[in-house]
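Asks: If it helps, the file is called my_file-v7.csv and holds CSV, C-alpha atoms:
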```csv
chain,number,residue,atom,x,y,z
A,1,MET,CA,65.8,-16.2,17.9
A,2,ALA,CA,64.7,-18.0,14.8
A,3,GLY,CA,63.9,-15.8,11.8
A,4,SER,CA,60.2,-14.9,11.7
A,5,SER,CA,58.2,-13.1,9.1
A,6,SER,CA,55.2,-10.9,9.4
A,7,LEU,CA,54.0,-12.1,6.0
A,8,ALA,CA,51.1,-14.5,6.0
A,9,SER,CA,51.6,-17.8,4.3
A,10,PRO,CA,49.5,-18.6,1.2
A,11,ARG,CA,47.7,-21.3,3.2
A,12,SER,CA,46.7,-18.8,5.9
A,13,LEU,CA,45.1,-16.6,3.3
A,14,GLN,CA,42.9,-19.3,1.9
A,15,LEU,CA,40.3,-19.3,4.6
A,16,PRO,CA,39.6,-15.5,4.5
A,17,LEU,CA,39.4,-15.6,0.7
A,18,LEU,CA,37.1,-18.5,0.8
A,19,LEU,CA,34.8,-16.8,3.3
A,20,LEU,CA,34.8,-13.6,1.2
A,21,PHE,CA,33.9,-15.6,-1.9
A,22,LEU,CA,31.0,-17.3,-0.1
A,23,LEU,CA,29.7,-14.0,1.2
A,24,VAL,CA,29.8,-12.4,-2.2
A,25,ALA,CA,28.1,-15.4,-3.7
A,26,ALA,CA,25.4,-15.4,-1.0
A,27,ALA,CA,24.8,-11.7,-1.6
A,28,ILE,CA,24.4,-12.2,-5.3
A,29,GLY,CA,22.2,-15.3,-4.9
A,30,SER,CA,20.0,-13.5,-2.3
A,31,TYR,CA,18.4,-11.1,-4.8
A,32,ASP,CA,14.9,-12.4,-5.5
A,33,PRO,CA,12.9,-10.5,-8.1
A,34,LYS,CA,9.8,-12.6,-7.4
A,35,ALA,CA,9.6,-11.0,-3.9
A,36,PHE,CA,8.3,-7.8,-5.6
A,37,CYS,CA,5.0,-9.7,-6.2
A,38,SER,CA,4.2,-9.1,-2.6
A,39,LYS,CA,4.1,-5.3,-3.3
A,40,THR,CA,1.8,-5.5,-6.3
A,41,THR,CA,-1.9,-4.7,-6.3
A,42,ASP,CA,-2.7,-8.3,-7.4
A,43,VAL,CA,-0.3,-10.7,-5.7
A,44,ALA,CA,-2.0,-13.8,-7.1
A,45,SER,CA,-1.8,-12.7,-10.7
A,46,CYS,CA,1.8,-11.7,-10.3
A,47,LEU,CA,2.7,-15.1,-8.9
A,48,ARG,CA,0.9,-16.7,-11.8
A,49,VAL,CA,2.7,-14.6,-14.4
A,50,PHE,CA,6.2,-14.6,-12.9
A,51,PRO,CA,7.1,-18.2,-13.9
A,52,THR,CA,6.2,-17.3,-17.5
A,53,LEU,CA,8.8,-14.5,-17.6
A,54,PRO,CA,12.0,-15.1,-19.6
A,55,ASP,CA,15.1,-15.9,-17.7
A,56,ILE,CA,16.7,-12.5,-18.6
A,57,VAL,CA,14.0,-11.0,-16.4
A,58,THR,CA,13.7,-13.5,-13.6
A,59,LYS,CA,17.5,-13.9,-13.2
A,60,ALA,CA,18.2,-10.1,-12.9
A,61,GLN,CA,20.7,-9.5,-10.1
A,62,ASP,CA,19.6,-6.1,-8.9
A,63,ASN,CA,16.8,-3.6,-9.1
A,64,LYS,CA,18.4,-1.7,-12.0
A,65,GLU,CA,18.7,-4.8,-14.1
A,66,LEU,CA,15.2,-5.9,-13.2
A,67,TYR,CA,13.6,-2.7,-14.1
A,68,LYS,CA,15.4,-2.3,-17.4
A,69,ARG,CA,14.8,-5.8,-18.5
A,70,LEU,CA,11.1,-5.8,-17.4
A,71,VAL,CA,10.3,-2.5,-19.2
A,72,ARG,CA,11.9,-3.9,-22.4
A,73,TYR,CA,9.9,-7.2,-22.1
A,74,CYS,CA,6.7,-5.3,-21.3
A,75,SER,CA,7.2,-3.0,-24.3
A,76,PHE,CA,7.7,-6.1,-26.6
A,77,LYS,CA,4.5,-7.7,-25.3
A,78,THR,CA,2.6,-4.4,-25.7
A,79,TYR,CA,3.8,-4.2,-29.3
A,80,GLU,CA,2.8,-7.8,-29.9
A,81,ALA,CA,-0.7,-7.2,-28.6
A,82,ARG,CA,-1.1,-3.9,-30.4
A,83,SER,CA,-0.2,-5.5,-33.7
A,84,LEU,CA,-2.8,-8.2,-33.2
A,85,ALA,CA,-5.5,-5.7,-32.3
A,86,GLU,CA,-4.7,-3.5,-35.3
A,87,SER,CA,-4.7,-6.5,-37.7
A,88,MET,CA,-8.1,-7.7,-36.3
A,89,ILE,CA,-9.6,-4.2,-36.7
A,90,ALA,CA,-8.2,-3.9,-40.2
A,91,THR,CA,-9.8,-7.1,-41.2
A,92,THR,CA,-13.2,-6.3,-39.7
A,93,THR,CA,-13.2,-2.7,-41.0
A,94,ALA,CA,-12.3,-3.9,-44.5
A,95,ALA,CA,-15.3,-6.2,-44.4
A,96,ASN,CA,-17.6,-3.2,-44.8
A,97,PRO,CA,-19.0,-3.6,-48.3
A,98,ALA,CA,-18.3,0.0,-49.1
A,99,ASN,CA,-14.7,-0.4,-48.1
A,100,ILE,CA,-14.4,-3.6,-50.1
A,101,ALA,CA,-15.7,-1.9,-53.2
A,102,THR,CA,-13.4,1.1,-52.8
A,103,PHE,CA,-10.1,-0.4,-51.5
A,104,PHE,CA,-10.3,-4.2,-51.8
A,105,GLU,CA,-11.8,-4.9,-55.2
A,106,GLN,CA,-10.2,-8.3,-55.4
A,107,TRP,CA,-12.5,-9.4,-52.5
A,108,LYS,CA,-15.7,-8.5,-54.2
A,109,GLY,CA,-18.2,-11.4,-54.0
A,110,ASP,CA,-16.2,-13.2,-51.4
A,111,GLU,CA,-18.9,-14.0,-48.9
A,112,ALA,CA,-16.5,-15.1,-46.2
A,113,ILE,CA,-15.0,-11.6,-46.3
A,114,THR,CA,-18.0,-9.4,-46.9
A,115,THR,CA,-20.2,-10.9,-44.2
A,116,LYS,CA,-17.8,-10.3,-41.3
A,117,THR,CA,-19.2,-8.1,-38.5
A,118,PRO,CA,-17.7,-4.7,-37.5
A,119,PRO,CA,-15.2,-4.5,-34.6
A,120,GLY,CA,-16.9,-5.3,-31.3
A,121,LYS,CA,-16.7,-3.2,-28.1
A,122,CYS,CA,-14.0,-5.4,-26.6
A,123,LEU,CA,-11.8,-5.3,-29.7
A,124,LEU,CA,-12.1,-1.5,-29.8
A,125,SER,CA,-11.5,-1.1,-26.1
A,126,CYS,CA,-8.5,-3.4,-26.1
A,127,ASN,CA,-6.9,-1.6,-29.1
A,128,LYS,CA,-7.4,1.8,-27.4
A,129,THR,CA,-6.2,0.7,-24.0
A,130,ILE,CA,-3.1,-1.1,-25.4
A,131,GLY,CA,-2.3,2.0,-27.4
A,132,GLU,CA,-2.5,4.1,-24.2
A,133,VAL,CA,-0.3,1.7,-22.3
A,134,ASP,CA,2.3,2.0,-25.1
A,135,ALA,CA,2.1,5.8,-24.8
A,136,ILE,CA,2.7,5.5,-21.0
A,137,LEU,CA,5.8,3.3,-21.6
A,138,THR,CA,7.3,5.6,-24.3
A,139,CYS,CA,6.4,8.8,-22.5
A,140,GLY,CA,6.0,10.8,-25.7
A,141,HIS,CA,9.2,9.3,-27.0
A,142,THR,CA,11.4,11.1,-24.5
A,143,TYR,CA,14.9,9.9,-23.9
A,144,MET,CA,15.2,6.5,-22.3
A,145,GLU,CA,17.1,7.9,-19.3
A,146,ASP,CA,14.3,10.4,-18.6
A,147,ARG,CA,11.4,7.9,-18.6
A,148,PRO,CA,11.6,6.0,-15.3
A,149,PRO,CA,10.2,8.8,-13.0
A,150,ILE,CA,7.5,9.6,-15.6
A,151,ILE,CA,6.5,5.9,-15.9
A,152,HIS,CA,6.5,5.6,-12.2
A,153,GLN,CA,4.2,8.5,-11.7
A,154,ASN,CA,1.8,7.3,-14.4
A,155,LEU,CA,1.7,3.7,-13.1
A,156,THR,CA,1.1,5.0,-9.5
A,157,VAL,CA,-1.9,6.9,-10.8
A,158,LEU,CA,-3.0,3.9,-12.9
A,159,PHE,CA,-2.9,1.4,-10.0
A,160,HIS,CA,-3.6,3.6,-7.0
A,161,GLY,CA,-5.7,6.5,-8.5
A,162,GLY,CA,-9.1,4.9,-7.9
A,163,HIS,CA,-9.9,4.6,-11.7
A,164,PRO,CA,-12.3,1.9,-12.7
A,165,PRO,CA,-10.7,-0.8,-14.9
A,166,SER,CA,-11.1,-0.6,-18.6
A,167,LEU,CA,-13.5,-2.9,-20.4
A,168,CYS,CA,-10.6,-4.9,-21.9
A,169,LYS,CA,-9.4,-5.6,-18.3
A,170,SER,CA,-12.7,-6.3,-16.7
A,171,GLY,CA,-15.3,-7.4,-19.2
A,172,CYS,CA,-13.9,-9.2,-22.2
A,173,LEU,CA,-13.2,-12.6,-20.7
A,174,ASP,CA,-16.7,-13.4,-19.5
A,175,GLY,CA,-17.7,-15.5,-22.6
A,176,SER,CA,-19.6,-12.7,-24.3
A,177,SER,CA,-16.8,-11.7,-26.6
A,178,SER,CA,-15.4,-13.4,-29.6
A,179,GLU,CA,-12.5,-15.9,-29.5
A,180,GLY,CA,-10.2,-13.2,-31.0
A,181,GLU,CA,-11.3,-10.6,-28.5
A,182,ALA,CA,-10.8,-13.1,-25.6
A,183,LEU,CA,-7.3,-13.8,-26.8
A,184,LEU,CA,-6.5,-10.1,-27.0
A,185,ALA,CA,-8.0,-9.4,-23.5
A,186,THR,CA,-5.8,-12.3,-22.2
A,187,LYS,CA,-2.8,-10.7,-23.6
A,188,PHE,CA,-3.8,-7.3,-22.1
A,189,ASN,CA,-4.3,-8.9,-18.7
A,190,TYR,CA,-0.8,-10.3,-18.9
A,191,ILE,CA,0.6,-6.9,-19.8
A,192,TRP,CA,-1.4,-5.4,-16.8
A,193,SER,CA,0.4,-7.8,-14.5
A,194,LEU,CA,3.7,-6.8,-15.9
A,195,LEU,CA,2.9,-3.1,-15.3
A,196,ASP,CA,1.8,-4.0,-11.8
A,197,LEU,CA,5.1,-5.6,-11.1
A,198,MET,CA,7.0,-2.7,-12.7
A,199,GLU,CA,5.1,-0.3,-10.5
A,200,ALA,CA,6.4,-2.2,-7.5
A,201,VAL,CA,10.0,-2.3,-8.7
A,202,LEU,CA,10.3,1.4,-9.7
A,203,PRO,CA,10.4,3.0,-6.2
A,204,GLU,CA,13.5,0.9,-5.4
A,205,TYR,CA,15.1,1.6,-8.7
A,206,LEU,CA,14.5,5.4,-8.4
A,207,SER,CA,15.8,5.4,-4.8
A,208,GLU,CA,19.0,3.6,-5.8
A,209,THR,CA,19.7,5.8,-8.8
A,210,GLY,CA,18.8,9.0,-6.9
A,211,THR,CA,16.2,10.0,-9.6
A,212,ALA,CA,13.5,12.4,-8.6
A,213,THR,CA,9.9,11.5,-9.3
A,214,THR,CA,7.7,13.7,-11.5
A,215,THR,CA,4.4,15.1,-10.4
A,216,VAL,CA,2.8,15.5,-13.8
A,217,PRO,CA,1.0,12.2,-14.9
A,218,SER,CA,0.3,11.7,-18.5
A,219,PRO,CA,-3.3,12.3,-19.6
A,220,ASP,CA,-3.2,8.7,-21.1
A,221,VAL,CA,-3.2,7.2,-17.6
A,222,ALA,CA,-6.9,7.9,-16.8
A,223,ALA,CA,-7.8,6.9,-20.4
A,224,ALA,CA,-6.1,3.6,-20.0
A,225,ALA,CA,-8.0,2.9,-16.8
A,226,ALA,CA,-11.4,4.2,-17.8
A,227,PRO,CA,-14.1,1.8,-19.1
A,228,ALA,CA,-15.2,2.2,-22.6
A,229,PRO,CA,-18.5,4.0,-23.1
```
How does the structure come out when it is put into structure tokens?
Replies:
Amino acid sequence: MAGSSSLASPRSLQLPLLLLFLLVAAAIGSYDPKAFCSKTTDVASCLRVFPTLPDIVTKAQDNKELYKRLVRYCSFKTYEARSLAESMIATTTAANPANIATFFEQWKGDEAITTKTPPGKCLLSCNKTIGEVDAILTCGHTYMEDRPPIIHQNLTVLFHGGHPPSLCKSGCLDGSSSEGEALLATKFNYIWSLLDLMEAVLPEYLSETGTATTTVPSPDVAAAAAPAP
């Protein structure tokens, strides 16, 4: 009987290896972060915002990557908006003649500075609300690994707790606010959509990581949602 071997030839192994490669590639390519938009409270806004997200977010390959990249991006956009709000408030507050005389002597007599109006309701509301969103994301500066369940609980209350939207979210883009306030409100609405998407991603992330959810929402949550007086 001719000598036979139980070892497979290199050629016979090529097809199974190719099939395995294709299956792995298909599994990787099948992850679609955009699909989470269907689980948000405002699907249309999420679908508008999603194409503007950086590739590092939209090309995440799993829920863990997506959450971590999304929270970093949202924190950056929140810092950006908060910096703008604070600079706008500093400028308008400094315009008070008493403050000019006390702290900004070099501006005395500068009509363009001293005739500026005090901060409007929209500016104050946006500054306050953006600060509260920042507090929700930082969770009192707890360790990063401890934040996801706290953020999840707070976002659940924020989006599903029945709170009315803040003035910055609902009333500053109606043409009654200044150009600067409208810009700030636009930035906040963008951040709101990011938070909405994050709230949709977090249950999957927590489930996969085996992380228990907290039941103690931050007091900042209701404040972030409540309209300004």
Asks: Atom CA of A:Phe76 and atom CA of A:Ile191 are how many Å apart?
Replies: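 Rounded to one decimal, the two atoms are 9.9 Å apart.
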Asks: How many Å lie between atom CA of A:Ser178 and atom CA of A:Val133, rounded to one decimal?
Replies: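 Value for the atom CA of A:Ser178-atom CA of A:Val133 distance: 22.6 Å.
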Asks: Let me make sure I understand: among A:Lys34, A:Thr209, A:Gly175, A:Thr142, which one has the smallest atom-to-atom distance to A:Gln61 if we use all atoms listed in the file?
Replies: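 Under the stated criterion, the closest residue is A:Lys34.
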Asks: Mind pulling up the distance from atom CA of A:Thr92 to atom CA of A:Lys121?
Replies: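 Interatomic distance, atom CA of A:Lys121 to atom CA of A:Thr92: 12.5 Å.
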Asks: Which residues come within 12 Å of A:Thr52, counting only C-alpha atoms, excluding same-chain residues fewer than 5 positions away, as a list of chain:residue names?
Replies: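 In the requested format, the answer is A:Lys34, A:Ser45, A:Cys46, A:Leu47, A:Val57, A:Thr58, A:Tyr73, A:Tyr190, A:Ser193, A:Leu194.
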Asks: Return the single residue from A:Thr40, A:Gly140, A:Thr211, A:Leu197 that is closest to A:Leu53, with distances computed using only C-alpha atoms.
Replies: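 Answer, going by the shortest atom-to-atom distance: A:Leu197.
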Asks: Compare A:Ser87, A:Ser166, A:Leu184, A:Asp196 by their minimum atom-to-atom distance to A:Leu70, counting only C-alpha atoms, and give me the closest one.
Replies: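 Checking each of A:Ser87, A:Ser166, A:Leu184, A:Asp196 against A:Leu70, counting only C-alpha atoms, the winner is A:Asp196.
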